[in-house]
Every structure is written in C-alpha cells, then in structure tokens.
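Okay, structure_25.pdb now, which holds PDB, C-alpha atoms and all ligand atoms:
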```
ATOM      1  CA  MET A 192     -57.256 -23.414 -14.318
ATOM      2  CA  ASP A 193     -54.963 -22.979 -17.346
ATOM      3  CA  ASN A 194     -56.269 -26.178 -18.893
ATOM      4  CA  LEU A 195     -59.998 -25.656 -18.650
ATOM      5  CA  GLU A 196     -60.956 -27.805 -21.626
ATOM      6  CA  LYS A 197     -58.791 -30.683 -20.526
ATOM      7  CA  ASP A 198     -60.016 -30.336 -16.954
ATOM      8  CA  ILE A 199     -63.651 -30.493 -18.058
ATOM      9  CA  LYS A 200     -62.981 -33.475 -20.295
ATOM     10  CA  ASN A 201     -61.386 -35.353 -17.434
ATOM     11  CA  GLY A 202     -64.132 -34.306 -15.003
ATOM     12  CA  LEU A 203     -66.770 -35.707 -17.354
ATOM     13  CA  LYS A 204     -64.843 -38.921 -17.760
ATOM     14  CA  TYR A 205     -64.935 -39.447 -13.993
ATOM     15  CA  MET A 206     -68.619 -38.647 -13.842
ATOM     16  CA  HIS A 207     -69.401 -41.009 -16.700
ATOM     17  CA  GLY A 208     -67.319 -43.710 -15.081
ATOM     18  CA  THR A 209     -64.910 -44.005 -18.018
ATOM     19  CA  LYS A 210     -61.836 -42.965 -16.050
ATOM     20  CA  ARG A 211     -60.500 -44.721 -13.021
ATOM     21  CA  LEU A 212     -59.267 -43.203  -9.832
ATOM     22  CA  LEU A 213     -55.483 -42.794  -9.908
ATOM     23  CA  TYR A 214     -54.009 -40.793  -7.059
ATOM     24  CA  GLY A 215     -50.905 -38.678  -7.445
ATOM     25  CA  LYS A 216     -51.364 -37.517 -11.039
ATOM     26  CA  LYS A 217     -52.952 -34.331 -12.338
ATOM     27  CA  TYR A 218     -56.501 -35.655 -12.124
ATOM     28  CA  TYR A 219     -58.149 -37.635  -9.385
ATOM     29  CA  PRO A 220     -61.255 -37.161  -7.281
ATOM     30  CA  PRO A 221     -60.559 -34.377  -4.827
ATOM     31  CA  PHE A 222     -61.338 -34.596  -1.165
ATOM     32  CA  TYR A 223     -64.599 -32.828  -0.502
ATOM     33  CA  GLN A 224     -63.888 -32.546   3.211
ATOM     34  CA  THR A 225     -60.703 -32.719   5.185
ATOM     35  CA  ASN A 226     -59.839 -35.853   7.116
ATOM     36  CA  GLU A 227     -57.581 -33.893   9.464
ATOM     37  CA  ALA A 228     -58.514 -32.489  12.851
ATOM     38  CA  LEU A 229     -57.515 -28.999  11.757
ATOM     39  CA  TYR A 230     -59.052 -27.447  14.842
ATOM     40  CA  LEU A 231     -56.545 -29.382  16.977
ATOM     41  CA  TYR A 232     -53.300 -28.389  15.340
ATOM     42  CA  TYR A 233     -53.940 -24.960  13.848
ATOM     43  CA  PRO A 234     -53.826 -23.330  17.300
ATOM     44  CA  LEU A 235     -50.156 -24.407  17.562
ATOM     45  CA  PHE A 236     -49.079 -21.477  15.432
ATOM     46  CA  PRO A 237     -50.457 -17.949  15.237
ATOM     47  CA  LEU A 238     -52.320 -17.205  12.038
ATOM     48  CA  ASN A 239     -53.587 -13.791  12.950
ATOM     49  CA  GLU A 240     -52.963 -11.413  10.020
ATOM     50  CA  ALA A 241     -50.521 -14.002   8.646
ATOM     51  CA  ARG A 242     -49.468 -14.682   5.093
ATOM     52  CA  ILE A 243     -49.737 -18.422   4.598
ATOM     53  CA  LEU A 244     -49.192 -21.145   2.037
ATOM     54  CA  THR A 245     -51.483 -24.175   2.217
ATOM     55  CA  VAL A 246     -52.614 -27.186   0.239
ATOM     56  CA  ALA A 247     -55.953 -26.490  -1.401
ATOM     57  CA  SER A 248     -57.477 -29.973  -1.240
ATOM     58  CA  SER A 249     -61.173 -29.593  -0.307
ATOM     59  CA  GLY A 250     -60.795 -25.926   0.653
ATOM     60  CA  ASP A 251     -61.194 -26.810   4.327
ATOM     61  CA  HIS A 252     -57.590 -25.838   5.126
ATOM     62  CA  VAL A 253     -58.176 -22.432   3.585
ATOM     63  CA  LEU A 254     -61.414 -21.848   5.478
ATOM     64  CA  GLU A 255     -59.916 -22.935   8.789
ATOM     65  CA  ALA A 256     -57.037 -20.496   8.206
ATOM     66  CA  VAL A 257     -59.491 -17.712   7.418
ATOM     67  CA  PHE A 258     -61.381 -18.516  10.605
ATOM     68  CA  ARG A 259     -58.122 -18.217  12.554
ATOM     69  CA  GLY A 260     -57.311 -14.817  11.112
ATOM     70  CA  ALA A 261     -54.987 -15.477   8.143
ATOM     71  CA  LYS A 262     -54.960 -12.479   5.848
ATOM     72  CA  ASP A 263     -53.077 -13.485   2.742
ATOM     73  CA  ILE A 264     -53.482 -17.045   1.514
ATOM     74  CA  THR A 265     -51.770 -18.919  -1.290
ATOM     75  CA  ALA A 266     -53.278 -22.325  -1.980
ATOM     76  CA  PHE A 267     -51.586 -24.948  -4.128
ATOM     77  CA  ASP A 268     -52.346 -28.467  -5.298
ATOM     78  CA  GLN A 269     -51.161 -30.876  -7.956
ATOM     79  CA  ASN A 270     -54.682 -32.177  -8.544
ATOM     80  CA  HIS A 271     -56.402 -29.962 -11.105
ATOM     81  CA  PHE A 272     -59.805 -30.784  -9.617
ATOM     82  CA  ALA A 273     -58.752 -29.391  -6.227
ATOM     83  CA  TYR A 274     -58.769 -25.920  -7.797
ATOM     84  CA  TYR A 275     -62.435 -26.250  -8.720
ATOM     85  CA  MET A 276     -63.418 -28.068  -5.538
ATOM     86  CA  SER A 277     -61.800 -25.560  -3.174
ATOM     87  CA  ALA A 278     -63.198 -22.648  -5.177
ATOM     88  CA  LEU A 279     -66.680 -24.162  -4.943
ATOM     89  CA  LYS A 280     -66.330 -24.568  -1.182
ATOM     90  CA  ILE A 281     -65.124 -20.996  -0.661
ATOM     91  CA  ALA A 282     -67.875 -19.605  -2.893
ATOM     92  CA  GLY A 283     -70.334 -21.870  -1.096
ATOM     93  CA  MET A 284     -69.530 -20.189   2.169
ATOM     94  CA  LYS A 285     -69.992 -16.773   0.593
ATOM     95  CA  GLY A 286     -73.380 -17.637  -0.852
ATOM     96  CA  LEU A 287     -74.962 -20.088   1.560
ATOM     97  CA  GLU A 288     -76.431 -19.878   5.000
ATOM     98  CA  TRP A 289     -74.925 -22.264   7.511
ATOM     99  CA  ASP A 290     -77.549 -25.019   7.236
ATOM    100  CA  GLU A 291     -77.505 -24.855   3.412
ATOM    101  CA  PHE A 292     -73.722 -25.138   3.407
ATOM    102  CA  MET A 293     -73.873 -28.139   5.722
ATOM    103  CA  ARG A 294     -76.271 -29.932   3.383
ATOM    104  CA  PHE A 295     -74.603 -28.996   0.128
ATOM    105  CA  PHE A 296     -71.167 -30.225   1.209
ATOM    106  CA  ALA A 297     -72.309 -33.143   3.384
ATOM    107  CA  TYR A 298     -71.040 -31.998   6.732
ATOM    108  CA  ARG A 299     -72.403 -34.262   9.446
ATOM    109  CA  THR A 300     -74.214 -36.342   6.853
ATOM    110  CA  LYS A 301     -72.911 -39.005   4.524
ATOM    111  CA  ILE A 302     -74.270 -37.630   1.266
ATOM    112  CA  ALA A 303     -73.533 -34.233  -0.231
ATOM    113  CA  SER A 304     -76.563 -32.692  -1.927
ATOM    114  CA  PHE A 305     -74.699 -30.670  -4.591
ATOM    115  CA  GLN A 306     -78.151 -29.600  -5.737
ATOM    116  CA  GLU A 307     -78.112 -27.809  -9.036
ATOM    117  CA  ASP A 308     -80.581 -25.101  -8.091
ATOM    118  CA  VAL A 309     -78.566 -24.226  -4.981
ATOM    119  CA  TYR A 310     -75.428 -24.105  -7.116
ATOM    120  CA  SER A 311     -76.954 -21.956  -9.841
ATOM    121  CA  LYS A 312     -78.902 -19.556  -7.619
ATOM    122  CA  LYS A 313     -76.633 -19.146  -4.629
ATOM    123  CA  ILE A 314     -73.056 -20.186  -5.369
ATOM    124  CA  ARG A 315     -72.323 -19.684  -9.055
ATOM    125  CA  SER A 316     -72.112 -15.893  -9.024
ATOM    126  CA  TYR A 317     -69.271 -16.014  -6.475
ATOM    127  CA  LEU A 318     -67.078 -18.119  -8.759
ATOM    128  CA  ALA A 319     -64.426 -16.978 -11.233
ATOM    129  CA  SER A 320     -65.552 -17.503 -14.827
ATOM    130  CA  ASP A 321     -63.349 -20.560 -15.496
ATOM    131  CA  VAL A 322     -64.691 -22.264 -12.360
ATOM    132  CA  GLN A 323     -68.244 -21.393 -13.416
ATOM    133  CA  ILE A 324     -67.686 -22.975 -16.821
ATOM    134  CA  PHE A 325     -66.209 -26.094 -15.248
ATOM    135  CA  TRP A 326     -69.120 -26.681 -12.848
ATOM    136  CA  ASP A 327     -71.767 -25.531 -15.378
ATOM    137  CA  THR A 328     -70.565 -28.155 -17.823
ATOM    138  CA  LEU A 329     -70.425 -30.865 -15.212
ATOM    139  CA  TYR A 330     -73.945 -30.029 -14.095
ATOM    140  CA  ASP A 331     -75.143 -29.965 -17.724
ATOM    141  CA  GLU A 332     -73.383 -32.993 -19.077
ATOM    142  CA  GLY A 333     -72.156 -34.982 -16.124
ATOM    143  CA  PHE A 334     -75.253 -35.728 -14.143
ATOM    144  CA  GLU A 335     -77.467 -38.606 -14.932
ATOM    145  CA  ARG A 336     -80.577 -36.773 -13.866
ATOM    146  CA  GLU A 337     -83.052 -39.482 -14.699
ATOM    147  CA  LYS A 338     -81.323 -41.942 -12.405
ATOM    148  CA  ASN A 339     -81.082 -39.644  -9.452
ATOM    149  CA  LYS A 340     -82.505 -36.151  -9.359
ATOM    150  CA  GLU A 341     -80.391 -35.064  -6.440
ATOM    151  CA  GLN A 342     -77.361 -36.290  -8.265
ATOM    152  CA  ASN A 343     -74.280 -35.886  -6.169
ATOM    153  CA  GLN A 344     -71.858 -38.712  -5.647
ATOM    154  CA  LEU A 345     -71.043 -38.941  -9.341
ATOM    155  CA  LEU A 346     -69.363 -35.620  -8.956
ATOM    156  CA  ILE A 347     -65.653 -35.937  -8.829
ATOM    157  CA  LEU A 348     -65.429 -36.601  -5.148
ATOM    158  CA  ASP A 349     -63.363 -38.845  -3.042
ATOM    159  CA  PRO A 350     -65.667 -41.733  -2.314
ATOM    160  CA  SER A 351     -64.282 -42.494   1.106
ATOM    161  CA  ASP A 352     -66.060 -41.483   4.261
ATOM    162  CA  LEU A 353     -64.197 -38.433   5.458
ATOM    163  CA  ASN A 354     -66.546 -37.144   8.044
ATOM    164  CA  VAL A 355     -64.400 -35.454  10.648
ATOM    165  CA  SER A 356     -67.353 -33.981  12.423
ATOM    166  CA  SER A 357     -65.658 -31.378  14.534
ATOM    167  CA  LYS A 358     -64.290 -28.490  12.542
ATOM    168  CA  SER A 359     -64.159 -25.095  14.111
ATOM    169  CA  TYR A 360     -65.842 -23.126  11.350
ATOM    170  CA  LEU A 361     -68.727 -25.564  11.282
ATOM    171  CA  GLU A 362     -70.161 -24.265  14.504
ATOM    172  CA  GLU A 363     -72.745 -21.784  13.312
ATOM    173  CA  LYS A 364     -71.266 -18.755  15.041
ATOM    174  CA  ASN A 365     -67.797 -19.622  13.767
ATOM    175  CA  TYR A 366     -69.166 -20.127  10.275
ATOM    176  CA  GLU A 367     -70.523 -16.582  10.380
ATOM    177  CA  LYS A 368     -67.183 -15.256  11.589
ATOM    178  CA  THR A 369     -65.307 -17.034   8.795
ATOM    179  CA  ARG A 370     -67.868 -15.903   6.243
ATOM    180  CA  ALA A 371     -67.450 -12.279   7.309
ATOM    181  CA  ARG A 372     -63.647 -12.556   7.171
ATOM    182  CA  LEU A 373     -63.642 -14.072   3.691
ATOM    183  CA  LYS A 374     -64.419 -10.636   2.276
ATOM    184  CA  TYR A 375     -61.050  -9.264   3.367
ATOM    185  CA  ILE A 376     -58.723 -12.073   2.345
ATOM    186  CA  ASN A 377     -56.084 -11.871  -0.370
ATOM    187  CA  TYR A 378     -56.296 -15.223  -2.084
ATOM    188  CA  HIS A 379     -54.035 -16.715  -4.748
ATOM    189  CA  TYR A 380     -53.975 -20.156  -6.285
ATOM    190  CA  ILE A 381     -51.013 -22.031  -7.741
ATOM    191  CA  GLU A 382     -51.573 -25.241  -9.642
ATOM    192  CA  SER A 383     -48.370 -27.053  -8.835
ATOM    193  CA  GLU A 384     -46.736 -30.169  -7.560
ATOM    194  CA  LEU A 385     -44.877 -29.490  -4.298
ATOM    195  CA  SER A 386     -41.358 -29.938  -5.686
ATOM    196  CA  LYS A 387     -42.036 -27.324  -8.391
ATOM    197  CA  LEU A 388     -43.314 -24.705  -5.946
ATOM    198  CA  PRO A 389     -39.910 -23.140  -5.167
ATOM    199  CA  LYS A 390     -39.667 -22.148  -8.847
ATOM    200  CA  VAL A 391     -42.804 -20.040  -8.672
ATOM    201  CA  LEU A 392     -42.817 -18.595  -5.154
ATOM    202  CA  ASP A 393     -41.532 -15.106  -4.413
ATOM    203  CA  LYS A 394     -38.548 -14.822  -2.039
ATOM    204  CA  ASN A 395     -39.359 -11.173  -1.444
ATOM    205  CA  ASN A 396     -42.766 -12.052  -0.103
ATOM    206  CA  PRO A 397     -42.161 -14.821   2.458
ATOM    207  CA  TYR A 398     -44.770 -16.815   4.345
ATOM    208  CA  GLN A 399     -45.252 -16.870   8.100
ATOM    209  CA  VAL A 400     -46.835 -20.307   7.961
ATOM    210  CA  MET A 401     -46.750 -23.165   5.441
ATOM    211  CA  LEU A 402     -49.304 -25.946   5.785
ATOM    212  CA  LEU A 403     -48.253 -29.012   3.864
ATOM    213  CA  SER A 404     -50.883 -31.356   5.235
ATOM    214  CA  ASN A 405     -49.768 -34.989   5.001
ATOM    215  CA  ILE A 406     -48.330 -34.741   1.495
ATOM    216  CA  TYR A 407     -45.460 -36.820   2.872
ATOM    217  CA  ASP A 408     -47.723 -39.881   2.893
ATOM    218  CA  TRP A 409     -48.291 -39.478  -0.828
ATOM    219  CA  LEU A 410     -44.644 -39.302  -1.877
ATOM    220  CA  GLY A 411     -42.568 -42.219  -3.143
ATOM    221  CA  ASP A 412     -39.721 -43.618  -1.028
ATOM    222  CA  ILE A 413     -36.966 -41.477  -2.517
ATOM    223  CA  ARG A 414     -38.823 -38.224  -2.107
ATOM    224  CA  GLN A 415     -39.893 -39.226   1.392
ATOM    225  CA  ALA A 416     -36.249 -39.663   2.357
ATOM    226  CA  TYR A 417     -35.447 -36.223   1.010
ATOM    227  CA  TYR A 418     -38.487 -34.514   2.537
ATOM    228  CA  PRO A 419     -36.938 -32.855   5.640
ATOM    229  CA  ASP A 420     -34.093 -31.559   3.472
ATOM    230  CA  PHE A 421     -36.529 -30.306   0.875
ATOM    231  CA  ILE A 422     -38.442 -28.371   3.508
ATOM    232  CA  LYS A 423     -35.362 -26.840   5.038
ATOM    233  CA  LYS A 424     -33.376 -26.065   1.899
ATOM    234  CA  LYS A 425     -35.973 -25.547  -0.834
ATOM    235  CA  LEU A 426     -38.971 -24.157   1.036
ATOM    236  CA  GLY A 427     -37.008 -22.531   3.863
ATOM    237  CA  PRO A 428     -35.952 -19.533   1.734
ATOM    238  CA  TYR A 429     -39.620 -18.677   1.231
ATOM    239  CA  LEU A 430     -40.363 -18.725   4.955
ATOM    240  CA  ASP A 431     -40.280 -15.644   7.103
ATOM    241  CA  PRO A 432     -37.248 -15.634   9.513
ATOM    242  CA  ASN A 433     -39.659 -16.646  12.278
ATOM    243  CA  GLY A 434     -41.842 -18.722   9.990
ATOM    244  CA  VAL A 435     -43.038 -22.277  10.541
ATOM    245  CA  CYS A 436     -43.751 -25.104   8.182
ATOM    246  CA  VAL A 437     -46.151 -27.803   9.297
ATOM    247  CA  ALA A 438     -45.514 -31.107   7.594
ATOM    248  CA  TYR A 439     -46.487 -34.371   9.077
ATOM    249  CA  CYS A 440     -47.303 -37.930   8.218
ATOM    250  CA  MET A 441     -50.622 -39.374   9.112
ATOM    251  CA  PHE A 442     -49.961 -43.037   8.520
ATOM    252  CA  HIS A 443     -46.232 -43.663   8.950
ATOM    253  CA  THR A 444     -45.852 -42.655  12.557
ATOM    254  CA  ASP A 445     -42.454 -44.333  12.999
ATOM    255  CA  GLU A 446     -41.087 -42.135  10.214
ATOM    256  CA  TYR A 447     -41.063 -39.240  12.624
ATOM    257  CA  GLU A 448     -38.101 -40.748  14.408
ATOM    258  CA  SER A 449     -35.989 -41.014  11.266
ATOM    259  CA  TRP A 450     -36.876 -37.487  10.210
ATOM    260  CA  ASN A 451     -35.180 -36.172  13.287
ATOM    261  CA  GLN A 452     -32.302 -38.613  13.617
ATOM    262  CA  ASP A 453     -29.542 -36.872  11.678
ATOM    263  CA  ASP A 454     -30.746 -33.329  11.773
ATOM    264  CA  PRO A 455     -33.387 -32.641  14.405
ATOM    265  CA  ILE A 456     -35.182 -29.897  12.567
ATOM    266  CA  PHE A 457     -38.721 -30.818  13.459
ATOM    267  CA  GLU A 458     -40.570 -30.098  16.657
ATOM    268  CA  MET A 459     -43.123 -32.708  17.565
ATOM    269  CA  SER A 460     -46.483 -31.873  19.114
ATOM    270  CA  HIS A 461     -49.134 -34.262  20.323
ATOM    271  CA  CYS A 462     -52.618 -32.926  19.795
ATOM    272  CA  GLU A 463     -55.603 -34.756  21.092
ATOM    273  CA  ASP A 464     -59.051 -34.455  22.520
ATOM    274  CA  GLU A 465     -61.802 -36.991  23.122
ATOM    275  CA  LYS A 466     -62.563 -37.228  19.379
ATOM    276  CA  ASN A 467     -59.216 -37.070  17.615
ATOM    277  CA  LYS A 468     -55.556 -37.651  18.164
ATOM    278  CA  MET A 469     -52.647 -36.631  15.980
ATOM    279  CA  ILE A 470     -48.925 -35.934  16.013
ATOM    280  CA  VAL A 471     -47.790 -32.882  14.137
ATOM    281  CA  TYR A 472     -44.260 -32.032  13.072
ATOM    282  CA  THR A 473     -43.275 -28.416  12.709
ATOM    283  CA  TYR A 474     -40.150 -26.956  11.146
ATOM    284  CA  LYS A 475     -39.318 -23.613  12.739
ATOM    285  CA  LYS A 476     -36.949 -21.599  10.602
ATOM    286  CA  GLY A 477     -35.797 -19.444  13.538
ATOM    287  CA  ASN A 478     -34.459 -22.544  15.334
ATOM    288  CA  ASN A 479     -32.089 -23.483  12.524
TER     289      ASN A 479
HETATM  290  C1  LIG A 501     -51.971 -35.033   1.191
HETATM  291  S1  LIG A 501     -53.649 -34.939   0.615
HETATM  292  C2  LIG A 501     -54.517 -35.686   1.938
HETATM  293  C3  LIG A 501     -55.857 -35.145   2.312
HETATM  294  C4  LIG A 501     -55.757 -34.194   3.454
HETATM  295  N1  LIG A 501     -55.398 -34.877   4.675
HETATM  296  C5  LIG A 501     -57.034 -33.391   3.645
HETATM  297  O1  LIG A 501     -57.529 -33.322   4.740
HETATM  298  O2  LIG A 501     -57.508 -32.811   2.670
HETATM  299  C6  LIG A 501     -53.980 -33.209   0.618
HETATM  300  C7  LIG A 501     -53.858 -32.592  -0.761
HETATM  301  O3  LIG A 501     -52.505 -32.625  -1.148
HETATM  302  C8  LIG A 501     -52.433 -32.806  -2.548
HETATM  303  N2  LIG A 501     -51.127 -33.372  -2.860
HETATM  304  C9  LIG A 501     -50.672 -34.608  -2.565
HETATM  305  N3  LIG A 501     -49.391 -34.748  -2.955
HETATM  306  C10 LIG A 501     -49.029 -33.563  -3.520
HETATM  307  C11 LIG A 501     -47.830 -33.082  -4.120
HETATM  308  N4  LIG A 501     -46.752 -33.840  -4.214
HETATM  309  N5  LIG A 501     -47.816 -31.823  -4.598
HETATM  310  C12 LIG A 501     -48.918 -31.032  -4.529
HETATM  311  N6  LIG A 501     -50.082 -31.433  -3.966
HETATM  312  C13 LIG A 501     -50.141 -32.676  -3.470
HETATM  313  C14 LIG A 501     -53.592 -33.721  -2.851
HETATM  314  O4  LIG A 501     -54.010 -33.572  -4.194
HETATM  315  C15 LIG A 501     -54.648 -33.275  -1.868
HETATM  316  O5  LIG A 501     -55.545 -32.368  -2.437
END
```

Show the structure stored in the file as structure tokens.
Ligand SMILES: C[S@@+](CC[C@H](N)C(=O)[O-])C[C@H]1O[C@@H](n2cnc3c(N)ncnc32)[C@H](O)[C@@H]1O
Amino acid sequence: MDNLEKDIKNGLKYMHGTKRLLYGKKYYPPFYQTNEALYLYYPLFPLNEARILTVASSGDHVLEAVFRGAKDITAFDQNHFAYYMSALKIAGMKGLEWDEFMRFFAYRTKIASFQEDVYSKKIRSYLASDVQIFWDTLYDEGFEREKNKEQNQLLILDPSDLNVSSKSYLEEKNYEKTRARLKYINYHYIESELSKLPKVLDKNNPYQVMLLSNIYDWLGDIRQAYYPDFIKKKLGPYLDPNGVCVAYCMFHTDEYESWNQDDPIFEMSHCEDEKNKMIVYTYKKGNN
C-alpha cells in the first residue's frame, strides 16, 4: 500500500522461495479463502446498510458483508499482502463470471488457477494502480513459467487446505447479488495492526459492526489476557451505541470461560449446521 516497493520485494522473495513463512509480522502468505463458516455467524447481527470494520484477510469477510447488505466497509490487516490479496478477490468478483471466479480462486477445488490471461484481461482493470503494479510484477518476475504454465501455488498464498465449501456468496445467484451490490459500496482500507487501530479510526464516524475474526488466536499470552478489555475500552468508543463487536477464538475454546469470568461482556452463540460448528462471542456496546 504505502510500501509498494518493499511489498513487491517481499512478494518475490516468497515466490522464489528465499523467504520463509513467518506469521504475525508484516509479511506472510495471506489466506486466499476464509476458513470460517461466515454464513453461519454473520446472520447473528444485522448488516443491512451498516457501516462495518472487518479484517481483510482473503477478502472473503468483505464479500460476505457485501452480500448481507453492508454499505460502508473499512478493512484492516497487519499483513501487507492481505491488502493485495483482498483487492484481487474483490476485483475478481467485479470482472469474472461465477464459474471463472470459482476456478481462479480455487473454490471447491484444491488448486487456484491464477491464470495470467484471466488476470490481465478480466481483473486487472478493476484494481487500483498500486495493486496492479504489485500483481503485474509478480506475474512478470515471480512465476516460473517453464516449470508450470498454469503457475499458481507459488503465489503468496497460505499453503494449507482452507476449503470451507459452503459460503453464501458462492451460490451462483448469491454471487450475482453480491457482484451487483459491490458497485454501491464505500470501501476503505487501513494497513494496521489491531492495537494501533484506535489511533487511526474516527470517533465521529462509528461502526455498527466490527468483525475481528479469530485474531485472538494469533496474539501472545499478555495481549490475549487484555483482549476483552481492549475491545471494551479501546475499540468500544468507535462502536455505535448499539454496535456489536464479534471477536472469538477458534482454537482455545476454554478461553471463552475466562473472558467472561470477571466482567461478563461477551454474549456467546453456538452456530452449527451439518457441515460446520462454531462458537462466536459478541460484545454488545448497548449492554454495558
Ligand atoms: C486471524 S487470521 C485467521 C484467518 C481467518 N480465520 C480467515 O478466515 O481469514 C485473519 C486475518 O487477521 C490478520 N491478523 C492477525 N492478527 C492480527 C493483528 N494483531 N492485527 C491485525 N491483523 C491481524 C491476519 O493477517 C489475517 O489476514
């Protein structure tokens, strides 16, 4: 974003295999799909016409929010590559038909195509110029075309298998609905670590919903202990009086208990269907 040259340099290092994956810093392979059952927990809070704050990650959170009617979206992420990845996904939806999108980003398949001709003919023109330069350079200098013409997995992607197959906007008719709505969204991006966000948000323009994904799981012990307080005291001022903040942990399920022990600020919801199961914790400002 503001460090285009550095971002490109680091992107190429990943693609050439000269940099190792190190989560939690400014550069690491971004998720290319969500591993959360967004369709299960998003219906817990109304997003219609809402102003929301969300992690950027793969861009899936943003698209799900658009599908559910969010109007004004601020995305943030500490990983510089998430800016480019989420922008590519959003532009991909603008430029691609449903089946092309599914192939390009590997939905319901294991391997993303990331085909260069699809990128250059159908996606590129929907990208901001810095994002174009980033992906252009990676396509020009990052691929090892001779080894694999449909080069894809050397892109800076999370190598794990993240196929959560059921996402609402991936049904064709929902995809079209989301695609149509994308035209009317106000979208902003903030490259920031969570703890620095309060310094750059605007108190006069509060959010109805904040979607913090499972950032909790990625924090060290000290920051984990402080997390409920951080949400209430540091993010709370940027929430609408009736706003909600969704912050949960995916892997430390017993942590939920301690979160609520001293100051029961979180509401717990069980969401499940035949495919997925999750517990979501929601901070409701109006209850405190
Ligand atoms: C918590 S991760 C997990 C993946 C997530 N479940 C998904 O479906 O995409 C989601 C995003 O949060 C970002 N992230 C993690 N810790 C962060 C922090 N302290 N501040 C800002 N972003 C963070 C990661 O870079 C990643 O893009």

| message | Just checking: using only C-alpha atoms, which residue out of A:Ala241, A:Asp263, A:Met469, A:Leu318 ends up closest to A:Gly286? | response |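 Using only C-alpha atoms, the shortest distance to A:Gly286 belongs to A:Leu318.
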
| said: Need the shell around A:Lys394: protein/DNA/RNA residues with any atom at most 10 Å away, counting only C-alpha atoms. Skip same-chain ones fewer than 5 positions apart. Format as a list in words? | reply: Pro389, Leu426, Gly427, Pro428, Tyr429, Leu430 and Asp431 of chain A

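The list of residues with at least one atom within 9 Å of A:Tyr360, based on all atoms listed in the file and without residues fewer than 4 positions apart in the same chain, reads Tyr230, Leu254, Glu255, Phe258, Lys364, Asn365, Tyr366, Glu367, Lys368 and Thr369 of chain A.
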
| message | My list of candidates is A:Trp326, A:Tyr474, A:Phe267, A:Phe421. Which is closest to ligand LIG 501 (chain A) when distances are computed with all atoms listed in the file? | response | A:Phe267

| Just how far from atom CA of A:Leu385 is atom C12 of ligand LIG 501 (chain A), in Å to one decimal? |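 About the pair atom C12 of ligand LIG 501 (chain A) and atom CA of A:Leu385: they are 4.3 Å apart.
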
| field | 10 Å shell around ligand LIG 501 (chain A) using all atoms listed in the file, listed as number ranges by chain | value | A: 214-229, 245-252, 266-274, 276-277, 349, 353, 355, 381-388, 403-411, 414, 438-441

Residues within 7 Å of stretch 459-467 of chain A, please, as a short mmCIF file (atom, residue, chain, number, x, y, z; two decimals) with C-alpha atoms, keeping the file's coordinate frame. Count only C-alpha atoms; anything in the same chain fewer than 4 positions from it doesn't count.
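Written output follows (result-v4.cif):
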```
data_model
loop_
_atom_site.label_atom_id
_atom_site.label_comp_id
_atom_site.auth_asym_id
_atom_site.auth_seq_id
_atom_site.Cartn_x
_atom_site.Cartn_y
_atom_site.Cartn_z
CA ALA A 228 -58.51 -32.49 12.85
CA LEU A 231 -56.54 -29.38 16.98
CA TYR A 232 -53.30 -28.39 15.34
CA VAL A 471 -47.79 -32.88 14.14
CA TYR A 472 -44.26 -32.03 13.07
CA THR A 473 -43.28 -28.42 12.71
#
```
